[in-house]
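So this one's coords_7.cif, mmCIF, C-alpha atoms:
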```
data_protein
loop_
_atom_site.label_atom_id
_atom_site.label_comp_id
_atom_site.auth_asym_id
_atom_site.auth_seq_id
_atom_site.Cartn_x
_atom_site.Cartn_y
_atom_site.Cartn_z
CA MET A 1 -36.46 36.39 -1.57
CA LYS A 2 -35.66 34.41 1.56
CA LYS A 3 -36.40 31.14 -0.28
CA ILE A 4 -34.04 32.11 -3.08
CA VAL A 5 -31.25 32.86 -0.61
CA VAL A 6 -31.82 29.51 1.09
CA LEU A 7 -31.77 27.70 -2.26
CA VAL A 8 -28.57 29.46 -3.34
CA ALA A 9 -26.94 28.57 -0.03
CA PHE A 10 -28.06 24.96 -0.41
CA PHE A 11 -26.60 24.65 -3.89
CA CYS A 12 -23.36 26.32 -2.81
CA VAL A 13 -22.98 23.90 0.09
CA GLY A 14 -23.92 20.99 -2.15
CA ALA A 15 -21.41 22.07 -4.77
CA GLY A 16 -18.75 22.36 -2.09
CA VAL A 17 -19.42 18.85 -0.85
CA TYR A 18 -19.38 17.51 -4.41
CA ALA A 19 -16.09 19.28 -5.13
CA GLN A 20 -14.59 17.84 -1.98
CA ARG A 21 -15.71 14.32 -2.81
CA SER A 22 -14.50 14.49 -6.42
CA ILE A 23 -10.83 15.15 -5.61
CA ALA A 24 -8.56 13.80 -8.33
CA TYR A 25 -5.19 12.57 -7.08
CA GLU A 26 -1.86 12.27 -8.79
CA VAL A 27 -0.53 8.75 -8.19
CA TYR A 28 3.16 7.85 -8.19
CA ALA A 29 5.02 4.57 -7.69
CA ILE A 30 8.44 4.96 -6.07
CA ARG A 31 11.00 2.16 -6.23
CA PHE A 32 13.49 2.22 -3.37
CA ALA A 33 15.03 -1.27 -3.50
CA LYS A 34 15.85 -3.56 -6.42
CA SER A 35 15.94 -7.31 -6.34
CA GLY A 36 16.27 -10.02 -8.97
CA PHE A 37 13.91 -12.40 -10.72
CA ILE A 38 11.55 -14.88 -9.11
CA LYS A 39 9.99 -18.00 -10.67
CA ALA A 40 6.26 -17.97 -11.28
CA SER A 41 6.01 -21.30 -9.47
CA GLU A 42 7.16 -19.54 -6.28
CA ILE A 43 4.49 -16.85 -6.42
CA ALA A 44 1.45 -18.70 -7.73
CA ILE A 45 0.05 -22.16 -7.24
CA GLY A 46 0.33 -23.86 -10.64
CA GLY A 47 2.80 -21.26 -11.91
CA SER A 48 5.36 -22.42 -14.45
CA ASP A 49 9.05 -22.89 -13.65
CA LYS A 50 9.72 -21.50 -17.11
CA ASP A 51 8.08 -18.16 -16.32
CA SER A 52 9.63 -15.52 -14.08
CA VAL A 53 8.93 -11.96 -13.00
CA ALA A 54 11.26 -9.09 -12.06
CA ASP A 55 10.98 -8.27 -8.38
CA CYS A 56 11.41 -4.93 -6.63
CA TYR A 57 10.30 -2.97 -3.55
CA MET A 58 8.15 0.13 -3.87
CA PHE A 59 5.72 2.42 -2.11
CA TRP A 60 3.23 4.92 -3.50
CA LEU A 61 2.47 8.63 -3.25
CA LEU A 62 -1.01 10.14 -3.64
CA LYS A 63 -1.08 13.93 -4.11
CA GLY A 64 -4.32 15.90 -3.95
CA GLY A 65 -6.69 17.87 -1.78
CA GLY A 66 -3.80 19.52 0.03
CA ARG A 67 -2.44 16.14 1.18
CA ASN A 68 0.67 14.11 0.42
CA ILE A 69 -0.36 10.55 1.27
CA LEU A 70 1.93 7.55 1.23
CA VAL A 71 0.57 4.07 0.71
CA ASP A 72 3.06 2.06 2.77
CA ALA A 73 6.41 3.42 3.90
CA GLY A 74 9.06 0.96 2.76
CA PHE A 75 11.76 -0.13 5.20
CA THR A 76 14.93 1.20 6.76
CA LEU A 77 18.30 -0.35 7.48
CA ASN A 78 20.73 0.42 10.27
CA GLU A 79 23.48 -1.33 12.19
CA ASN A 80 21.07 -2.32 14.97
CA SER A 81 18.38 -3.60 12.62
CA THR A 82 17.35 -7.24 12.62
CA ARG A 83 16.44 -7.01 8.94
CA ASN A 84 18.30 -8.63 6.07
CA ASN A 85 21.34 -6.41 5.58
CA SER A 86 22.28 -7.67 2.13
CA TRP A 87 21.22 -4.31 0.70
CA ASN A 88 23.78 -1.70 -0.36
CA SER A 89 23.87 1.66 -2.08
CA SER A 90 23.59 0.04 -5.50
CA ASN A 91 20.21 -1.57 -4.85
CA TYR A 92 18.67 0.40 -1.96
CA ILE A 93 17.82 4.01 -1.16
CA ARG A 94 16.06 5.04 2.02
CA PRO A 95 12.38 5.88 1.34
CA ASP A 96 12.63 9.47 2.57
CA SER A 97 15.62 10.02 0.27
CA ALA A 98 13.67 8.51 -2.64
CA LEU A 99 10.92 11.09 -2.03
CA LEU A 100 13.43 13.90 -2.48
CA ARG A 101 13.36 13.02 -6.17
CA LEU A 102 9.84 14.46 -6.15
CA LYS A 103 11.05 17.43 -4.09
CA LEU A 104 9.15 16.27 -1.01
CA GLN A 105 10.57 16.52 2.50
CA PRO A 106 9.56 13.99 5.20
CA GLY A 107 7.64 16.66 7.10
CA GLU A 108 5.45 17.29 4.05
CA ILE A 109 3.95 13.80 4.21
CA THR A 110 0.54 14.25 5.81
CA ASP A 111 -0.63 10.64 5.99
CA ILE A 112 0.51 7.04 5.59
CA ILE A 113 -1.90 4.23 4.72
CA ILE A 114 -0.42 0.91 5.84
CA THR A 115 -1.70 -1.92 3.66
CA HIS A 116 -0.22 -4.55 5.97
CA PRO A 117 2.54 -4.73 8.60
CA HIS A 118 5.21 -6.83 6.91
CA TRP A 119 8.64 -5.33 7.49
CA ASP A 120 9.12 -4.06 3.93
CA HIS A 121 5.88 -2.04 4.03
CA ILE A 122 5.72 -0.67 7.57
CA GLY A 123 9.39 -0.32 8.57
CA GLY A 124 9.74 3.22 7.21
CA ILE A 125 7.03 4.91 9.30
CA THR A 126 9.65 6.31 11.68
CA LEU A 127 11.02 8.41 8.79
CA PHE A 128 7.83 10.48 8.78
CA PRO A 129 7.30 11.49 12.42
CA THR A 130 4.48 13.98 11.82
CA ALA A 131 2.34 11.88 9.46
CA GLN A 132 -1.03 10.48 10.49
CA VAL A 133 -1.04 6.69 10.05
CA TRP A 134 -4.03 4.63 8.88
CA MET A 135 -4.25 0.87 9.46
CA GLN A 136 -6.94 -1.78 9.70
CA GLN A 137 -7.87 -2.31 13.34
CA ASP A 138 -7.89 -6.12 13.15
CA ASP A 139 -4.50 -6.12 11.41
CA TYR A 140 -3.08 -3.88 14.14
CA THR A 141 -4.49 -6.08 16.92
CA TYR A 142 -3.01 -9.22 15.40
CA PHE A 143 0.33 -7.53 14.66
CA VAL A 144 0.94 -6.18 18.16
CA GLY A 145 -0.75 -9.01 20.07
CA THR A 146 -1.95 -12.35 18.75
CA ALA A 147 0.93 -12.83 16.29
CA TRP A 148 3.36 -13.16 19.21
CA GLN A 149 1.28 -15.62 21.22
CA LYS A 150 2.01 -19.36 21.26
CA ASN A 151 -0.13 -20.21 18.21
CA GLY A 152 0.35 -16.90 16.42
CA ASP A 153 2.16 -16.34 13.15
CA HIS A 154 4.67 -13.49 13.11
CA GLY A 155 6.42 -14.40 9.88
CA GLY A 156 7.49 -11.20 8.16
CA PHE A 157 6.92 -9.17 11.34
CA TYR A 158 9.67 -7.43 13.29
CA LYS A 159 9.60 -6.38 16.93
CA GLU A 160 11.10 -2.99 16.11
CA ASP A 161 8.12 -2.31 13.84
CA VAL A 162 5.68 -3.39 16.56
CA LYS A 163 7.31 -0.91 18.92
CA ALA A 164 7.16 1.82 16.27
CA ILE A 165 3.45 1.39 15.54
CA VAL A 166 2.60 1.24 19.25
CA ALA A 167 4.59 4.46 19.75
CA THR A 168 2.64 6.02 16.87
CA ASN A 169 -0.57 5.04 18.63
CA LEU A 170 0.65 6.53 21.92
CA ASP A 171 1.53 9.73 20.04
CA GLY A 172 -2.09 10.01 18.92
CA ARG A 173 -1.22 9.68 15.22
CA LEU A 174 -2.66 6.20 14.55
CA HIS A 175 -6.15 5.87 13.05
CA LEU A 176 -7.64 2.39 13.21
CA VAL A 177 -9.94 1.57 10.30
CA LYS A 178 -12.65 -1.02 10.78
CA GLY A 179 -14.28 -2.71 7.81
CA ASP A 180 -14.49 -2.97 4.05
CA SER A 181 -15.08 -0.22 1.45
CA ILE A 182 -14.29 2.57 3.91
CA GLU A 183 -13.66 6.09 2.62
CA LEU A 184 -10.42 7.23 4.24
CA PHE A 185 -10.33 10.55 2.38
CA PRO A 186 -12.53 12.01 -0.34
CA GLY A 187 -11.70 9.95 -3.41
CA ILE A 188 -9.70 7.26 -1.53
CA ARG A 189 -11.39 4.10 -0.31
CA ALA A 190 -9.96 1.08 1.56
CA PHE A 191 -10.94 -2.54 0.88
CA ILE A 192 -10.15 -5.76 2.75
CA GLY A 193 -10.50 -9.47 2.23
CA SER A 194 -7.34 -11.05 0.81
CA LYS A 195 -5.96 -12.14 4.21
CA HIS A 196 -2.36 -11.63 3.07
CA THR A 197 -1.86 -10.67 6.70
CA TRP A 198 -4.66 -10.97 9.25
CA GLU A 199 -6.64 -8.09 7.72
CA SER A 200 -4.58 -6.55 4.92
CA GLN A 201 -6.12 -3.73 2.93
CA TYR A 202 -5.78 -2.16 -0.51
CA VAL A 203 -6.93 1.23 -1.74
CA ALA A 204 -8.85 2.58 -4.72
CA VAL A 205 -7.90 6.12 -5.74
CA ASN A 206 -9.75 8.57 -7.97
CA THR A 207 -7.58 10.31 -10.56
CA SER A 208 -8.39 12.80 -13.31
CA ALA A 209 -8.83 9.83 -15.66
CA GLU A 210 -9.47 6.27 -14.44
CA ARG A 211 -9.58 4.80 -10.96
CA VAL A 212 -6.26 3.35 -9.80
CA ILE A 213 -6.13 0.44 -7.36
CA ILE A 214 -3.04 0.17 -5.18
CA ALA A 215 -3.16 -3.56 -4.50
CA SER A 216 0.17 -3.76 -2.66
CA ASP A 217 0.75 -7.39 -1.67
CA ASN A 218 -2.91 -8.25 -2.11
CA SER A 219 -1.54 -9.00 -5.58
CA TRP A 220 2.20 -9.53 -5.50
CA TYR A 221 2.65 -9.34 -9.28
CA TYR A 222 0.67 -8.76 -12.46
CA TYR A 223 1.11 -12.50 -12.99
CA ASN A 224 -1.30 -13.18 -10.13
CA LEU A 225 -3.90 -10.84 -11.62
CA GLN A 226 -3.50 -12.28 -15.10
CA HIS A 227 -3.75 -15.91 -14.03
CA LEU A 228 -6.09 -15.38 -11.05
CA THR A 229 -4.06 -17.77 -8.95
CA SER A 230 -3.19 -17.60 -5.30
CA ILE A 231 0.28 -17.11 -3.99
CA PRO A 232 1.46 -20.09 -1.91
CA PRO A 233 -0.52 -20.52 1.34
CA LYS A 234 2.41 -19.37 3.51
CA PHE A 235 1.81 -15.85 2.14
CA THR A 236 -1.89 -15.71 3.03
CA PHE A 237 -4.10 -16.92 5.82
CA ASP A 238 -6.77 -17.87 3.25
CA PRO A 239 -5.77 -18.73 -0.36
CA LYS A 240 -9.40 -18.73 -1.55
CA ALA A 241 -9.93 -15.25 -0.12
CA TYR A 242 -6.78 -14.08 -1.88
CA VAL A 243 -8.05 -15.28 -5.26
CA HIS A 244 -11.49 -13.80 -4.54
CA GLN A 245 -9.94 -10.37 -4.04
CA LEU A 246 -7.91 -10.66 -7.24
CA LYS A 247 -11.18 -11.21 -9.07
CA ARG A 248 -12.85 -8.40 -7.18
CA MET A 249 -10.10 -5.95 -8.10
CA ARG A 250 -10.42 -6.92 -11.74
CA ARG A 251 -14.16 -6.22 -11.60
CA MET A 252 -13.47 -2.86 -10.00
CA GLN A 253 -10.85 -1.98 -12.63
CA PRO A 254 -10.91 -4.08 -15.85
CA ASN A 255 -7.68 -2.41 -17.00
CA ILE A 256 -5.20 -4.66 -15.19
CA SER A 257 -2.30 -2.25 -15.69
CA LEU A 258 -4.05 0.16 -13.32
CA ILE A 259 -4.17 -2.44 -10.53
CA ILE A 260 -0.74 -1.88 -9.04
CA PRO A 261 0.87 -4.96 -7.46
CA GLY A 262 3.23 -4.81 -4.53
CA HIS A 263 6.50 -6.04 -6.04
CA ASP A 264 6.34 -6.10 -9.83
CA ALA A 265 9.16 -4.16 -11.51
CA ALA A 266 7.04 -4.06 -14.68
CA VAL A 267 5.24 -1.08 -13.12
CA PHE A 268 8.30 1.02 -13.93
CA SER A 269 8.35 0.13 -17.61
CA GLN A 270 4.73 0.84 -18.51
CA PHE A 271 4.12 4.27 -16.98
CA PRO A 272 5.79 7.64 -17.66
CA THR A 273 9.04 8.20 -15.77
CA VAL A 274 9.10 11.50 -13.87
CA ALA A 275 12.33 10.97 -11.90
CA GLU A 276 14.82 8.19 -11.26
CA ASP A 277 12.84 5.11 -10.18
CA VAL A 278 9.62 7.15 -10.02
CA VAL A 279 6.68 6.78 -12.42
CA ARG A 280 3.34 8.51 -12.58
CA ILE A 281 0.47 6.06 -12.83
CA ARG A 282 -2.13 7.23 -15.35
#
```

Target format structure tokens, applied to this file:
Amino acid sequence: MKKIVVLVAFFCVGAGVYAQRSIAYEVYAIRFAKSGFIKASEIAIGGSDKDSVADCYMFWLLKGGGRNILVDAGFTLNENSTRNNSWNSSNYIRPDSALLRLKLQPGEITDIIITHPHWDHIGGITLFPTAQVWMQQDDYTYFVGTAWQKNGDHGGFYKEDVKAIVATNLDGRLHLVKGDSIELFPGIRAFIGSKHTWESQYVAVNTSAERVIIASDNSWYYYNLQHLTSIPPKFTFDPKAYVHQLKRMRRMQPNISLIIPGHDAAVFSQFPTVAEDVVRIR
């Protein structure tokens, strides 16, 4: 009888672990700023001047397992900001306001996964003051330190964002991730290697159907995935590594439409619309 009880307990625990690790997330892309068109020759080596893609700014929401997880946080504008202030109410909405379209308040965001610290992906973390923030350790170290040294490269970085991420660390809300293929949460795994910034990351997410890869700027546009070409070297520390990760993502998910690039407005025309400038990826 004792053995049976032990076996039942074992299977119950095992089933619980399996259930935890098989969480299926709802995945949403949220557009908060609209731009124009950009020539393929500007985003890919060997790209044609005759081809162009529609550009936009977005972040992503992963819902599941009792969590509301953002992948990146967009950016904010204010009168004291050093950012480009060409945005207005016709082409920009603050990320926390965009989330209201899904009936989510800032305090309901449990976590933010930062793919890389360029201003348009990290600048909105201050809008979610209770969220836990996840970032690659080597990317953080470069962002707050080496980038600002004599031979560093801080293109696309802003001092106000450095101060914000350091403050997040001092608050005890920053989690530094070290390495490739790391499970951040059950059903969500982080990958590195494209060198878009010093150690940019992308995430693979389990859904009720197929796996979705949030590439962010590890693939700027579907064009990069389709042509397997690098963006110009100024947008990556290692063009060969960038192309290698494009190929890797395609092996991980052969359905290119489910590899979500960082700035391609086509995302919002090929998935079901659930609210203004919000689509569910499935």

By how many Å are CA of Ser52 (chain A) and CA of Glu210 (chain A) apart?
->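 Taking CA of Ser52 (chain A) as the start and CA of Glu210 (chain A) as the end point, the length is 29.0 Å.
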
Kindly resolve the PyMOL selection byres ((chain A and resi 178) around 12) on the present coordinates and return the residues as an mmCIF file with C-alpha atoms, keeping the file's coordinate frame.
```
data_model
loop_
_atom_site.group_PDB
_atom_site.id
_atom_site.type_symbol
_atom_site.label_atom_id
_atom_site.label_comp_id
_atom_site.auth_asym_id
_atom_site.auth_seq_id
_atom_site.Cartn_x
_atom_site.Cartn_y
_atom_site.Cartn_z
ATOM 1 C CA TRP A 134 -4.030 4.630 8.880
ATOM 2 C CA MET A 135 -4.250 0.870 9.460
ATOM 3 C CA GLN A 136 -6.940 -1.780 9.700
ATOM 4 C CA GLN A 137 -7.870 -2.310 13.340
ATOM 5 C CA ASP A 138 -7.890 -6.120 13.150
ATOM 6 C CA ASP A 139 -4.500 -6.120 11.410
ATOM 7 C CA TYR A 140 -3.080 -3.880 14.140
ATOM 8 C CA THR A 141 -4.490 -6.080 16.920
ATOM 9 C CA HIS A 175 -6.150 5.870 13.050
ATOM 10 C CA LEU A 176 -7.640 2.390 13.210
ATOM 11 C CA VAL A 177 -9.940 1.570 10.300
ATOM 12 C CA GLY A 179 -14.280 -2.710 7.810
ATOM 13 C CA ASP A 180 -14.490 -2.970 4.050
ATOM 14 C CA SER A 181 -15.080 -0.220 1.450
ATOM 15 C CA ILE A 182 -14.290 2.570 3.910
ATOM 16 C CA GLU A 183 -13.660 6.090 2.620
ATOM 17 C CA LEU A 184 -10.420 7.230 4.240
ATOM 18 C CA ALA A 190 -9.960 1.080 1.560
ATOM 19 C CA PHE A 191 -10.940 -2.540 0.880
ATOM 20 C CA ILE A 192 -10.150 -5.760 2.750
ATOM 21 C CA GLU A 199 -6.640 -8.090 7.720
ATOM 22 C CA SER A 200 -4.580 -6.550 4.920
ATOM 23 C CA GLN A 201 -6.120 -3.730 2.930
#
```

Can you list, as an NGL selection string, the residues that the PyMOL selection byres ((chain A and resi 205) around 12) selects here?
-> :A and (21-28 or 60-64 or 69 or 71 or 181 or 183-191 or 202-204 or 206-215 or 252-253 or 258-260 or 281-282)

Sel. within 12 Å of pt (-3.7, -14.1, -3.1), counting all atoms listed in the file, output as a ChimeraX atom specification | /A:43-45,193-197,200,215-225,227-249,261-262

Nearest to Tyr57 (chain A) by atom-to-atom distance, counting only C-alpha atoms, from A:Phe268, A:Trp198, A:Phe157, A:Trp148 | A:Phe268

d(CA of Ala164 (chain A), CA of Asn68 (chain A)) in Å | 21.1 Å

Answer key for the PyMOL selection byres ((chain A and resi 112) around 7), residues as a ChimeraX atom specification = /A:69-72,111,113-114,131-134

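Nearest residue to Val267 (chain A), choosing from A:Ile165, A:Leu104, A:Ala33, A:Cys56 and counting only C-alpha atoms: A:Cys56.
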
Using all atoms listed in the file: which of A:Val162, A:Lys39, A:Thr168, A:Gly74 has the shortest distance to Thr146 (chain A) =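 Of A:Val162, A:Lys39, A:Thr168, A:Gly74, the one nearest Thr146 (chain A), counting all atoms listed in the file, is A:Val162.
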
Å distance separating CA of Gly152 (chain A) from CA of Trp119 (chain A), one decimal place | 16.8 Å

Might you pull out every residue within 12 Å of Leu100 (chain A), with only C-alpha atoms counted and same-chain residues fewer than 4 positions away left off, and present them as a list of chain:residue names?
-> A:Ile30, A:Phe32, A:Ile93, A:Arg94, A:Pro95, A:Asp96, A:Leu104, A:Gln105, A:Pro106, A:Gly107, A:Glu108, A:Ile109, A:Ala275, A:Glu276, A:Asp277, A:Val278

Convert the current residue selection to file output with C-alpha atoms, as an mmCIF file, in the frame of the given file.
```
data_model
loop_
_atom_site.group_PDB
_atom_site.id
_atom_site.type_symbol
_atom_site.label_atom_id
_atom_site.label_comp_id
_atom_site.auth_asym_id
_atom_site.auth_seq_id
_atom_site.Cartn_x
_atom_site.Cartn_y
_atom_site.Cartn_z
ATOM 1 C CA ILE A 30 8.440 4.960 -6.070
ATOM 2 C CA PHE A 32 13.490 2.220 -3.370
ATOM 3 C CA ILE A 93 17.820 4.010 -1.160
ATOM 4 C CA ARG A 94 16.060 5.040 2.020
ATOM 5 C CA PRO A 95 12.380 5.880 1.340
ATOM 6 C CA ASP A 96 12.630 9.470 2.570
ATOM 7 C CA LEU A 104 9.150 16.270 -1.010
ATOM 8 C CA GLN A 105 10.570 16.520 2.500
ATOM 9 C CA PRO A 106 9.560 13.990 5.200
ATOM 10 C CA GLY A 107 7.640 16.660 7.100
ATOM 11 C CA GLU A 108 5.450 17.290 4.050
ATOM 12 C CA ILE A 109 3.950 13.800 4.210
ATOM 13 C CA ALA A 275 12.330 10.970 -11.900
ATOM 14 C CA GLU A 276 14.820 8.190 -11.260
ATOM 15 C CA ASP A 277 12.840 5.110 -10.180
ATOM 16 C CA VAL A 278 9.620 7.150 -10.020
#
```

Pick from A:Asn255, A:Asn151, A:Ala29, A:Ile125, whichever lies nearest to Phe271 (chain A) using all atoms listed in the file =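 Ranking A:Asn255, A:Asn151, A:Ala29, A:Ile125 by distance to Phe271 (chain A), first place goes to A:Ala29.
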
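For the set A:Ala98, A:Glu160, A:Lys150, A:Tyr92, the residue with the smallest atom-to-atom gap to Pro117 (chain A) is A:Glu160, counting all atoms listed in the file.
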
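Proximity of A:Lys34, A:Arg251, A:Lys163, A:His154 to Ser90 (chain A), computed with all atoms listed in the file, is greatest for A:Lys34.
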